[in-house]
Amino acid sequence: MFTRSARYYDAIYAAAGKDYKAEVALLQRLLDLHGLTDGNALLDVACGTGGHLAFLRDTYEVEGLDIDKAMLEIAQDKLPDIPLHQGDMVDFSLHRRFDFVINLFSSIGYVRTQDHLEKAIISMANHTHPGGLVIVEPWIYPEDFKPGKAHAVFVDQEDMKIARMDVSRVEGRLSILNFHYLVAGDGGVSHFEESHEITLFTHDEYISAIKAASLAVVHDAEGVDGRGLYIGIKPLEGGR
């Protein structure tokens, strides 16, 4: 879904002020607080271009997974020694377990349906050691989404200028973000569009999906970026 914009992704979110280092620091506190394992293996599901992995690697034994080949190629160029896997969060299988499985930047909304939401969290739980954590950052809740609002991000680098703009809308349970990109560089000026359809799941639907994966649930209302985090805790074997 980021086939054309992947090469501009990091520049756009840097211009938007996304602070991966600060988010990882907040995330680490939650992992330390709630995790019950002694290990430090971590899987970043929907890792994108590796923004969080670049800082998580300092503390954890990390791997990443993403469905988008173009995003993974950028991440691998930046992090050549980190194992990265191409796969769908709904039904991936890496044949190993981790102490922490995280799913950040609201990427869970791309699963589209409640059934797929449950399957995705079950897939993450299946890759988690007993006592480990599944961390999910939600997309915006239905009652908080503001359709019809104009959004814009501007990149102003010496050799590249980008304007990304959209006016969001809602169709049923989907938030529709039809991004328009205007890109200026050595090759001239180009324009392209990219549509993202992200499901507006409710708080109760996230809770239900995590419980369906047999995880205990803690909701941190603030999270790492103001959207909150759902923390699924996998029970220790024997109920300990």
# chains A, B, ... in the order shown; residues from 1 in each chain; ligands from 1
>>> residues_around(residues="Leu104 of chain A", least_positions_apart="6", cutoff="9 Å", atoms="only C-alpha atoms", output="list in words")
Asp44, Val45, Ala46, Cys47, His52, Ile135, Val136, Glu137, Pro138 and Leu229 of chain A
>>> residues_around(residues="Ala15 of chain A", least_positions_apart="3", cutoff="9 Å", atoms="only C-alpha atoms", output="list of chain:residue names")
A:Asp10, A:Ala11, A:Ile12, A:Lys18, A:Val153, A:Phe154, A:Val155, A:Asp156
>>> write_last_selection(atoms="C-alpha atoms", output="tab-separated table (two decimals), in the first residue's frame")
chain	number	residue	atom	x	y	z
A	10	ASP	CA	10.85	8.66	6.63
A	11	ALA	CA	11.15	12.23	5.37
A	12	ILE	CA	7.41	12.82	5.75
A	18	LYS	CA	7.39	11.70	14.89
A	153	VAL	CA	2.64	17.62	5.86
A	154	PHE	CA	5.43	19.54	4.13
A	155	VAL	CA	9.00	18.33	3.65
A	156	ASP	CA	11.53	21.08	2.98
>>> atom_distance(atom1="atom CA of Arg7 of chain A", atom2="atom CA of Ser175 of chain A")
24.0 Å
>>> closest_residue(among="A:Lys21, A:His34, A:Arg29, A:His196", to="Ile231 of chain A", atoms="only C-alpha atoms")
A:His34
>>> closest_residue(among="A:Val224, A:Ala184, A:Val134, A:Leu42", to="Ala25 of chain A", atoms="only C-alpha atoms")
A:Val224
>>> residues_around(residues="Glu197 of chain A", least_positions_apart="4", cutoff="9 Å", atoms="only C-alpha atoms", output="PyMOL selection string")
chain A and resi 109-110+112+174-178
>>> closest_residue(among="A:Lys78, A:Asp225, A:His95, A:Gln86", to="Asp19 of chain A", atoms="only C-alpha atoms")
A:Asp225
>>> closest_residue(among="A:Ala221, A:Ile140, A:Ile108, A:Leu117", to="Glu205 of chain A", atoms="only C-alpha atoms")
A:Leu117
>>> residues_around(residues="Leu84 of chain A", least_positions_apart="5", cutoff="6 Å", atoms="only C-alpha atoms", output="list of chain:residue names")
A:Glu63, A:Gly64, A:Leu65
>>> closest_residue(among="A:Gly50, A:Asp66, A:Ile162, A:Met89", to="Met124 of chain A", atoms="only C-alpha atoms")
A:Met89
>>> closest_residue(among="A:Leu43, A:Met71, A:Tyr8, A:Ala212", to="Leu94 of chain A", atoms="only C-alpha atoms")
A:Leu43
>>> residues_around(residues="Val167 of chain A", least_positions_apart="4", cutoff="10 Å", atoms="only C-alpha atoms", output="MDAnalysis selection string")
chainID A and resid 146:152 176:180
>>> select_by_dssp(residues="segment 55-201 of chain A", states="strand (DSSP E)", output="count of residues only")
67
>>> decode(residues="segment 30-51 of chain A", atoms="N, CA and C atoms", output="PDB file, in the first residue's frame")
ATOM      1  N   LEU A  30       6.900   0.377  29.826  1.00  0.00           N
ATOM      2  CA  LEU A  30       5.733  -0.498  29.910  1.00  0.00           C
ATOM      3  C   LEU A  30       6.135  -1.963  29.814  1.00  0.00           C
ATOM      4  N   LEU A  31       7.108  -2.263  28.966  1.00  0.00           N
ATOM      5  CA  LEU A  31       7.579  -3.648  28.861  1.00  0.00           C
ATOM      6  C   LEU A  31       8.201  -4.092  30.179  1.00  0.00           C
ATOM      7  N   ASP A  32       8.985  -3.222  30.794  1.00  0.00           N
ATOM      8  CA  ASP A  32       9.598  -3.549  32.083  1.00  0.00           C
ATOM      9  C   ASP A  32       8.543  -3.718  33.173  1.00  0.00           C
ATOM     10  N   LEU A  33       7.496  -2.913  33.121  1.00  0.00           N
ATOM     11  CA  LEU A  33       6.464  -2.929  34.157  1.00  0.00           C
ATOM     12  C   LEU A  33       5.598  -4.177  34.089  1.00  0.00           C
ATOM     13  N   HIS A  34       5.224  -4.601  32.880  1.00  0.00           N
ATOM     14  CA  HIS A  34       4.221  -5.655  32.739  1.00  0.00           C
ATOM     15  C   HIS A  34       4.776  -7.011  32.329  1.00  0.00           C
ATOM     16  N   GLY A  35       5.971  -7.058  31.751  1.00  0.00           N
ATOM     17  CA  GLY A  35       6.510  -8.331  31.280  1.00  0.00           C
ATOM     18  C   GLY A  35       6.898  -9.257  32.423  1.00  0.00           C
ATOM     19  N   LEU A  36       6.682 -10.552  32.216  1.00  0.00           N
ATOM     20  CA  LEU A  36       6.954 -11.538  33.262  1.00  0.00           C
ATOM     21  C   LEU A  36       8.017 -12.550  32.835  1.00  0.00           C
ATOM     22  N   THR A  37       8.644 -12.331  31.686  1.00  0.00           N
ATOM     23  CA  THR A  37       9.681 -13.249  31.225  1.00  0.00           C
ATOM     24  C   THR A  37      11.059 -12.676  31.551  1.00  0.00           C
ATOM     25  N   ASP A  38      12.073 -13.540  31.441  1.00  0.00           N
ATOM     26  CA  ASP A  38      13.446 -13.111  31.683  1.00  0.00           C
ATOM     27  C   ASP A  38      14.185 -12.789  30.387  1.00  0.00           C
ATOM     28  N   GLY A  39      13.539 -13.027  29.247  1.00  0.00           N
ATOM     29  CA  GLY A  39      14.205 -12.831  27.965  1.00  0.00           C
ATOM     30  C   GLY A  39      14.007 -11.435  27.406  1.00  0.00           C
ATOM     31  N   ASN A  40      14.631 -11.165  26.270  1.00  0.00           N
ATOM     32  CA  ASN A  40      14.514  -9.845  25.646  1.00  0.00           C
ATOM     33  C   ASN A  40      14.300  -9.933  24.137  1.00  0.00           C
ATOM     34  N   ALA A  41      13.763 -11.066  23.656  1.00  0.00           N
ATOM     35  CA  ALA A  41      13.478 -11.207  22.227  1.00  0.00           C
ATOM     36  C   ALA A  41      12.212 -10.428  21.881  1.00  0.00           C
ATOM     37  N   LEU A  42      12.274  -9.620  20.856  1.00  0.00           N
ATOM     38  CA  LEU A  42      11.154  -8.732  20.505  1.00  0.00           C
ATOM     39  C   LEU A  42      10.884  -8.778  19.011  1.00  0.00           C
ATOM     40  N   LEU A  43       9.618  -8.894  18.655  1.00  0.00           N
ATOM     41  CA  LEU A  43       9.178  -8.849  17.265  1.00  0.00           C
ATOM     42  C   LEU A  43       8.326  -7.622  17.052  1.00  0.00           C
ATOM     43  N   ASP A  44       8.703  -6.821  16.050  1.00  0.00           N
ATOM     44  CA  ASP A  44       7.931  -5.636  15.681  1.00  0.00           C
ATOM     45  C   ASP A  44       7.091  -5.995  14.455  1.00  0.00           C
ATOM     46  N   VAL A  45       5.785  -6.146  14.676  1.00  0.00           N
ATOM     47  CA  VAL A  45       4.853  -6.509  13.603  1.00  0.00           C
ATOM     48  C   VAL A  45       4.368  -5.226  12.933  1.00  0.00           C
ATOM     49  N   ALA A  46       4.437  -5.184  11.606  1.00  0.00           N
ATOM     50  CA  ALA A  46       4.208  -3.969  10.831  1.00  0.00           C
ATOM     51  C   ALA A  46       5.309  -2.955  11.158  1.00  0.00           C
ATOM     52  N   CYS A  47       6.539  -3.408  10.998  1.00  0.00           N
ATOM     53  CA  CYS A  47       7.706  -2.600  11.394  1.00  0.00           C
ATOM     54  C   CYS A  47       7.984  -1.456  10.433  1.00  0.00           C
ATOM     55  N   GLY A  48       7.372  -1.451   9.250  1.00  0.00           N
ATOM     56  CA  GLY A  48       7.583  -0.362   8.302  1.00  0.00           C
ATOM     57  C   GLY A  48       9.034  -0.227   7.903  1.00  0.00           C
ATOM     58  N   THR A  49       9.554   0.991   7.935  1.00  0.00           N
ATOM     59  CA  THR A  49      10.936   1.247   7.535  1.00  0.00           C
ATOM     60  C   THR A  49      11.918   1.088   8.691  1.00  0.00           C
ATOM     61  N   GLY A  50      11.469   0.552   9.808  1.00  0.00           N
ATOM     62  CA  GLY A  50      12.371   0.234  10.906  1.00  0.00           C
ATOM     63  C   GLY A  50      12.645   1.364  11.872  1.00  0.00           C
ATOM     64  N   GLY A  51      11.779   2.361  11.914  1.00  0.00           N
ATOM     65  CA  GLY A  51      11.998   3.505  12.785  1.00  0.00           C
ATOM     66  C   GLY A  51      12.112   3.142  14.257  1.00  0.00           C
TER      67      GLY A  51
END
